[in-house]
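**Q** Here's a structure for you.
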Amino acid sequence: MSAMTLIARDELRLMRRNHVAVTAVLLLLLLTVVAVATAWTHQQGIAETRARHQRAANAAFEAQPDRHPHRVVHYGHFIFRPLSPLAAFDPGVDPFTGNTMFLEGHRQNTSNFGDVLQSSLLVRFGQLTPAFVLQAAVPLLLIFLGYGAVARETERGTLRPLLLQGAAAWSIVLGKLAALGLVAGVVGVPAMIGFALIAGQPGASIGPIALIIIAYGAYLALWSVAITLVSTLVRRRRDALLALLAIWAVTVVLLPRVAPDVAGQIYPLANRLQTDVAIARDLRWLGDSHNPDDPHFARFKADVLRRYGVTRVEDLPVNYKGLLAIEGEAITSRLFDRYARESYAAHAAQNRMVLGFGLLSPTIALRQVSMASAGTDFGGHQRFLEQAERYRYDLVQRLNQLQADQVSYADDTAVDAGADRRKRIGADHWQRMPVFTFTPPTPATLVAAGLQGLAIIAGWLVAATLMLTAATRRLGAK
Amino acid sequence: MSYGSHRVLDGLSIAVPAGSITALLGGNGAGKSTTLSLLLGFVRPNDGRVTVCGVDPGVEPDHARGRTAYLPENVALYDHLTAVENASYLLALSGNRPSRAAILDAFAAAGLQERAWDARLSGFSKGMRQKVAIAVAWLREVPVLLLDEPTSGLDPQATADFNALLHAIRVRNTAVLMVTHDLLSAVDVADRIGFLERGRIVEEVAATGTERFDIRALRARFGERARAA
Amino acid sequence: MPLWMHEAQLLLRSRWAAAALALLAILSAAAVAAGMAEIARQRGAIAAIAPAQAEDIAAVRAFVDRSKDGGQAAYYSFHPTWDAPSPLAFAAIGMRDVAPYILRVRALGIEAQIYDGDTFNPELALPGRFDFAFVLVFLAPLFTIALFHDLRSGECEAGRARMLEAMPGAGRLWWRRAMVRFVAITAALTIPFLAGAIWSGVAIGAIILIVVVAALYLLFWIGLAGLVSSRGRGSTANAATLAALWLVLVLIIPTLANVVINRTNPVDEGAQIALAQRENVHRAWEIPREETMRRFYANHRRWSDAPPLTEAFHYKWYLAFHQNGDESVAARVRAYRAGLERRAAAANALGWVLPSVGVQALLTRLAGTDLTAQLAYQDRIRAFHRRLRAFYYDYVFYDRPFGASDFDKAPRYRATG
């Protein structure tokens, strides 16, 4: 048996005999099981509720009576964001974004009823999920188990005898590292089994799952190496423990909170009021359908009349009000898209900056990989918002088209007693409208979104390993 | 005196007069540390009486400790403070506020080199630390000095310095009690030596004449006893 | 030099301790600065409402002035409301980063407007804010653990404990040292807060209360450190045990409690309110308009003497069915709100047992940044909305012409309600 194996075995025996360590491992396993169970049932509950609401909303839409198409434009549609299949592992921003959105003509509404606004202050303490356990709690446990690995030998003076007996410094350090790595594997496995159960959901695909497993594996490996490194560098056990606790507090607790604050101050987002006012301003500039003298709509009217070879809108074969609605919606939507793009760009700049902090805190990088691969990062939410906007535009324009084709201009402008009846079109039209279905991102998209973060973790792992190699070389010299 | 069912001191009777140095000599487990703990009021006797200048340290520990200076075997002080700061702090703890000049005088009297006065304690030898502690005891002007293995680990020169210092302290009419397992260190300075064994004084000898103690005879007797135990 | 100054010197001359205290002071100052910057940004956004609003309303005024139709004025005019941050908000941002603090409403159905959010980046909100409350609740205990885990065991391990305890008054030594460390850590933590609070004009009573609470919270951790240390297992074991306790008390129990509270108090009504309100509003197009008006007048006698509807579209009918729609979901709204209040109450109850939660709850309550404050803001929006409705109804129901100057008579939101 090699010296390294002997040392690893000795280290594990020591951990096993340490009651505190054993209790801590058991508690952590319990915590993992609780986290997996609650996250799983919680997400199942959410998914069911949203699906139920979506069915109710679809049924309500289709059950509309005969109506004027423009009524339906304002009746609108509710859509509910479906949960990503891996959200039970890492719900990411899901609790912080509203889960339902009201879609209607020429207005862009916010997504509402997010968990964060419906929860007590406790929600800001964090989310008990398998991802949280792996990101925060497991490294702390590894610190408790591993801080003394080499420092204990240095402090008690047992290191030199070991070296004198012929054990190479690298075999001592590697043995300790192997023992810690093994423990990391043991405590990480239940979370990963939970993850595998979650990943067994329909819709989950192998690419993002593999990326998540690799990223968490690399992260725990990084902690094992870093703990061994500090334990090798420091002469006293207590110094090793305090230094590691400080590193943990800074990288896991402090920096993830500081980074967003900095990003938020450097790249401020326009608030809704400013955006709405700016859109209204641009709209008046581009074309104000309320203004009979508006140059854009005057031109539009002339174009339409010329195209159909008539001189009055009353003589058009289609309902001019419908055409006007289509044009108006196109203009407002272009503006919505432009402002949305600006807002998304500002979000992306903020998130890039936070990821930049990953160079200081691997936990930030891991969170990013985890959320991005699970499809629960802002990118995932943005996909929903973009698809929702596309669906909204498509729905509204179909309805406007119905107004142009199915409602006559004469009826549409009439105000007599029977006019209301004549303006309406058949209820069957609503049932023929497409239903909103969220197109999930391709596995390649999810993987690509997580690669940057993974690269940062890998860089950390390489750097820590190199430093450990250097520290090992100096180990005998002390 | 007993811990649990184990009697540590049994029928120990000893008096340390002012202006004298008494050594308690004994091996491991003879009861040396417990004797000091009793005198410092860390533990109380099951029966019998302990007094320090007429005060029972078990009942009024602060009174007793106010009259006592104690030097542990390894004088550990604050490495990140200088010698003067250490002394000044320890004196403040016991309610003394001497001037810097007084502290420096005491250091000089204790034989601490001048360059060490304002140096941080990290790097001080055991002897130097002991001198700082002795200077503190000196400035406190306490009537009782308790020493735990004071010369173990000191080189011969440092031992000689320390013994000289102890004489100077005795001259101030201080009662000095030292516990040690080292016959030579006891013989060097003590006026009386008590042989402590299994919690009682089995033999007591006093210094006589210029030779003070017959070391050979003592060693022979002490060795016999140790073997018998 | 008095003895406590000796002790302070002893503490501050230790590089570890001095570095820890300096770091805590820097973090506290940074958190106070970050909180103040965020609140200044929010105040700036609130101050920027007026010019933007003036521009927006000027356009509405221009085209409504042609028709003089109060209904159009009601339909197209958005009126801003805002939740001005309290002076103390910088110390505990609470929900202010995720809950809207500016919301524009118009005199249509309030239930379709009041749950709207504002733009925020959820990825930034996810980890929580870096504010004074965070430094106090999360970080200060770690510094307390660092300074207290070896208060006595450190002296034992350094071999000084026996000599120190042989000094007269040794019993007071540890108290005195704990006191000096407690004062040092409290000062490092609260002096930046005091500066920020005085600068922000926080009431003196609230400042004192928070400093006392901060000190009590630290004392809790000091007590815990003392309890753990009294088992006499050495500095290293003490530090490990205390860090584990920190993890459990500050991270695990609150997150677990959040799951339990949300599951035992389900709040499902939000989406239902939205769906039902829309259904009830749009149903008005399918039923006789007189029925809508009868129902409206039954609840609002004040306008029941308005002239009857004619064949043509009239905004009084439109506004009436919007209000009917709101009133039809009132029970659900109450249930929804009660659910939210139950959740907040459960968390506050936990705060009585768990100091970390208690301190956070108290700080956000005093700062007016918790769920209760959010609900109070919604109440103010509702009250303002009622005034808006009454204002427009007086024009629309009696066909009083709504001219350019009438825009200036519209109710203004007052931040205090």
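Every chain in the structure tokens takes a letter, A first, then B, and so on in the order presented; its residues are numbered from 1, and the ligands are numbered from 1 following the presented order.
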Can you tell me, as an MDAnalysis selection string, which residues in range 1-86 of chain B count as strand (DSSP E or B) by DSSP?
**A** chainID B and resid 2:3 6:7 20:25 52 55 68:71 82
**Q** List as a PyMOL selection string the protein and nucleic acid residues near Val59 in chain B, meaning an atom at most 12 Å away when only C-alpha atoms are counted, but skip any in the same chain fewer than 4 places from it.
**A** chain B and resi 38-45+49-52+54-55+63-65
**Q** Please produce an output containing C-alpha atoms for each residue in the selection, written as a compact mmCIF listing (two decimals), in the first residue's frame.
**A**
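Saved file out.txt follows:
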# COMPACT_ATOMS: atom_id res chain seq x y z
CA LEU B 38 -4.47 25.60 47.66
CA LEU B 39 -2.35 28.62 48.43
CA LEU B 40 -3.73 30.46 45.39
CA GLY B 41 -7.30 29.62 46.28
CA PHE B 42 -7.93 27.63 43.09
CA VAL B 43 -9.03 24.69 45.22
CA ARG B 44 -10.23 24.45 48.80
CA PRO B 45 -9.14 21.82 51.28
CA ARG B 49 -6.46 25.05 57.21
CA VAL B 50 -4.60 27.15 54.69
CA THR B 51 -3.67 30.73 55.47
CA VAL B 52 -1.65 33.29 53.58
CA GLY B 54 -3.60 35.14 58.10
CA VAL B 55 -6.09 35.03 55.21
CA HIS B 63 -7.22 39.05 49.62
CA ALA B 64 -4.81 36.16 49.55
CA ARG B 65 -3.85 36.75 45.91
**Q** Listing only residues of range 229-311 of chain C within 12 Å of range 251-259 of chain A, what is the closest atom pair and its distance in Å (to one decimal) for each, using only C-alpha atoms, sorted by chain and residue number ascending, as JSON lines?
**A**
{"residue": "C:Leu247", "atom": "CA", "partner": "A:Val253", "partner_atom": "CA", "distance": 10.9}
{"residue": "C:Val250", "atom": "CA", "partner": "A:Val253", "partner_atom": "CA", "distance": 11.3}
{"residue": "C:Leu251", "atom": "CA", "partner": "A:Val253", "partner_atom": "CA", "distance": 10.2}
**Q** For the residues selected in the previous step, produce a file with C-alpha atoms as a compact mmCIF listing (two decimals), in the first residue's frame.
**A**
# COMPACT_ATOMS: atom_id res chain seq x y z
CA LEU C 247 -24.85 28.38 9.83
CA VAL C 250 -28.63 32.45 10.40
CA LEU C 251 -29.00 30.43 7.22
**Q** Return the single residue from C:Ser230, C:Ala346, C:Lys68, C:Gly368 that is closest to Leu88 in chain C, with distances computed using only C-alpha atoms.
**A** C:Gly368
**Q** Counting only C-alpha atoms, collect the residues of chain B whose closest atom lies at most 9 Å from chain C, and write them out as an MDAnalysis selection string.
**A** chainID B and resid 40:42 61:72 74:78 80:81 85 88:90 92:95 97
**Q** May I have the residues within 12 Å of Leu14 in chain A as a PyMOL selection string, using only C-alpha atoms and disregarding those fewer than 4 positions away in the same chain?
**A** chain A and resi 7-10+18-22+145-146+148-149+152+176+179-180
**Q** Could you work out how far CA of Ala37 in chain A lies from CA of Gly207 in chain A, giving the answer in Å with one decimal?
**A**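 Here the two named atoms are 24.1 Å from each other.
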**Q** Could you tell me, as a PyMOL selection string, which residues of range 10-166 of chain B DSSP assigns to alpha helix (DSSP H) when given the backbone?
**A** chain B and resi 32-40+61-66+83-93+100-110+126-140+156-166
**Q** With C-alpha atoms retained, export the selected residues as a compact mmCIF listing (two decimals), in the first residue's frame.
**A**
# COMPACT_ATOMS: atom_id res chain seq x y z
CA LYS B 32 3.38 19.99 44.64
CA SER B 33 0.92 21.61 42.21
CA THR B 34 -2.01 21.00 44.52
CA THR B 35 -0.18 22.76 47.33
CA LEU B 36 0.23 25.81 45.11
CA SER B 37 -3.40 25.60 43.99
CA LEU B 38 -4.47 25.60 47.66
CA LEU B 39 -2.35 28.62 48.43
CA LEU B 40 -3.73 30.46 45.39
CA PRO B 61 -9.08 34.47 47.27
CA ASP B 62 -8.71 38.10 46.24
CA HIS B 63 -7.22 39.05 49.62
CA ALA B 64 -4.81 36.16 49.55
CA ARG B 65 -3.85 36.75 45.91
CA GLY B 66 -3.31 40.42 46.67
CA ALA B 83 8.43 44.06 28.29
CA VAL B 84 7.41 47.38 29.82
CA GLU B 85 3.85 47.01 28.52
CA ASN B 86 3.61 43.47 29.85
CA ALA B 87 4.81 44.55 33.28
CA SER B 88 2.61 47.58 33.30
CA TYR B 89 -0.42 45.49 32.30
CA LEU B 90 0.18 42.76 34.89
CA LEU B 91 0.74 45.38 37.59
CA ALA B 92 -2.45 47.14 36.59
CA LEU B 93 -4.31 43.83 36.92
CA ARG B 100 7.77 53.79 33.89
CA ALA B 101 10.92 54.70 35.78
CA ALA B 102 9.98 52.33 38.60
CA ILE B 103 9.40 49.51 36.13
CA LEU B 104 12.74 50.13 34.47
CA ASP B 105 14.46 50.13 37.88
CA ALA B 106 12.85 46.80 38.65
CA PHE B 107 13.95 45.40 35.28
CA ALA B 108 17.48 46.55 36.00
CA ALA B 109 17.32 44.96 39.46
CA ALA B 110 16.00 41.73 37.91
CA LYS B 126 12.53 31.67 29.35
CA GLY B 127 15.02 33.43 31.62
CA MET B 128 14.15 36.84 30.21
CA ARG B 129 10.44 36.22 30.62
CA GLN B 130 11.04 35.12 34.18
CA LYS B 131 12.94 38.33 34.87
CA VAL B 132 9.98 40.34 33.64
CA ALA B 133 7.69 38.35 35.94
CA ILE B 134 10.08 38.70 38.90
CA ALA B 135 10.24 42.45 38.27
CA VAL B 136 6.47 42.54 38.44
CA ALA B 137 6.48 40.59 41.69
CA TRP B 138 9.17 42.91 43.03
CA LEU B 139 7.13 46.01 42.25
CA ARG B 140 4.01 44.53 43.79
CA PRO B 156 23.58 27.65 34.51
CA GLN B 157 24.25 31.39 34.18
CA ALA B 158 20.52 32.18 34.16
CA THR B 159 20.02 29.89 37.14
CA ALA B 160 22.74 31.70 39.07
CA ASP B 161 21.20 35.08 38.17
CA PHE B 162 17.82 33.88 39.28
CA ASN B 163 19.08 32.58 42.58
CA ALA B 164 20.82 35.87 43.28
CA LEU B 165 17.59 37.68 42.59
CA LEU B 166 15.72 35.39 44.95
**Q** Might you pull out every residue within 12 Å of Ser13 in chain B, with only C-alpha atoms counted and same-chain residues fewer than 6 positions away left off, and present them as a PDB file with C-alpha atoms, in the first residue's frame?
**A**
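Full text of around13.pdb as output:
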ATOM      1  CA  MET B   1      -7.264  17.385  50.216  1.00  0.00           C
ATOM      2  CA  LEU B  24       9.056  21.585  48.462  1.00  0.00           C
ATOM      3  CA  THR B  35      -0.177  22.758  47.333  1.00  0.00           C
ATOM      4  CA  GLY B  48      -7.401  21.408  57.514  1.00  0.00           C
ATOM      5  CA  ARG B  49      -6.460  25.052  57.207  1.00  0.00           C
ATOM      6  CA  VAL B  50      -4.596  27.145  54.689  1.00  0.00           C
ATOM      7  CA  THR B  51      -3.666  30.729  55.472  1.00  0.00           C
ATOM      8  CA  GLY B 194      10.600  19.674  52.664  1.00  0.00           C
ATOM      9  CA  PHE B 195      10.423  16.273  50.986  1.00  0.00           C
ATOM     10  CA  LEU B 196       6.911  15.783  49.695  1.00  0.00           C
ATOM     11  CA  GLY B 199       0.699  14.236  49.847  1.00  0.00           C
ATOM     12  CA  ARG B 200       2.683  14.583  53.036  1.00  0.00           C
ATOM     13  CA  ILE B 201       6.037  15.935  54.180  1.00  0.00           C
ATOM     14  CA  VAL B 202       8.098  12.911  54.944  1.00  0.00           C
ATOM     15  CA  GLU B 203      11.239  14.750  55.893  1.00  0.00           C
ATOM     16  CA  GLU B 204      12.353  18.296  56.488  1.00  0.00           C
TER      17      GLU B 204
END
**Q** Please determine the contact residues of chain A with respect to chain C at a cut-off of 7 Å, counting only C-alpha atoms, and supply them as number ranges by chain.
**A** A: 75, 93, 96-97, 110, 112-113, 117-128, 144, 238, 256-258, 260-261, 271-272, 274, 277, 347, 377-378, 415-417
**Q** Just the number, please: distance in Å from CA of Asp294 in chain A to CA of Gly71 in chain C, one decimal.
**A**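 Interatomic distance here is 22.3 Å.
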**Q** Any idea what the distance is between CA of Asp411 in chain A and CA of Pro308 in chain C?
**A** 24.4 Å
**Q** Would you mind listing what lies within 10 Å of Ile39 in chain C as a PyMOL selection string, with only C-alpha atoms counted and same-chain residues fewer than 2 positions away left out?
**A** chain C and resi 33-37+41-45+84-91+93+96-97
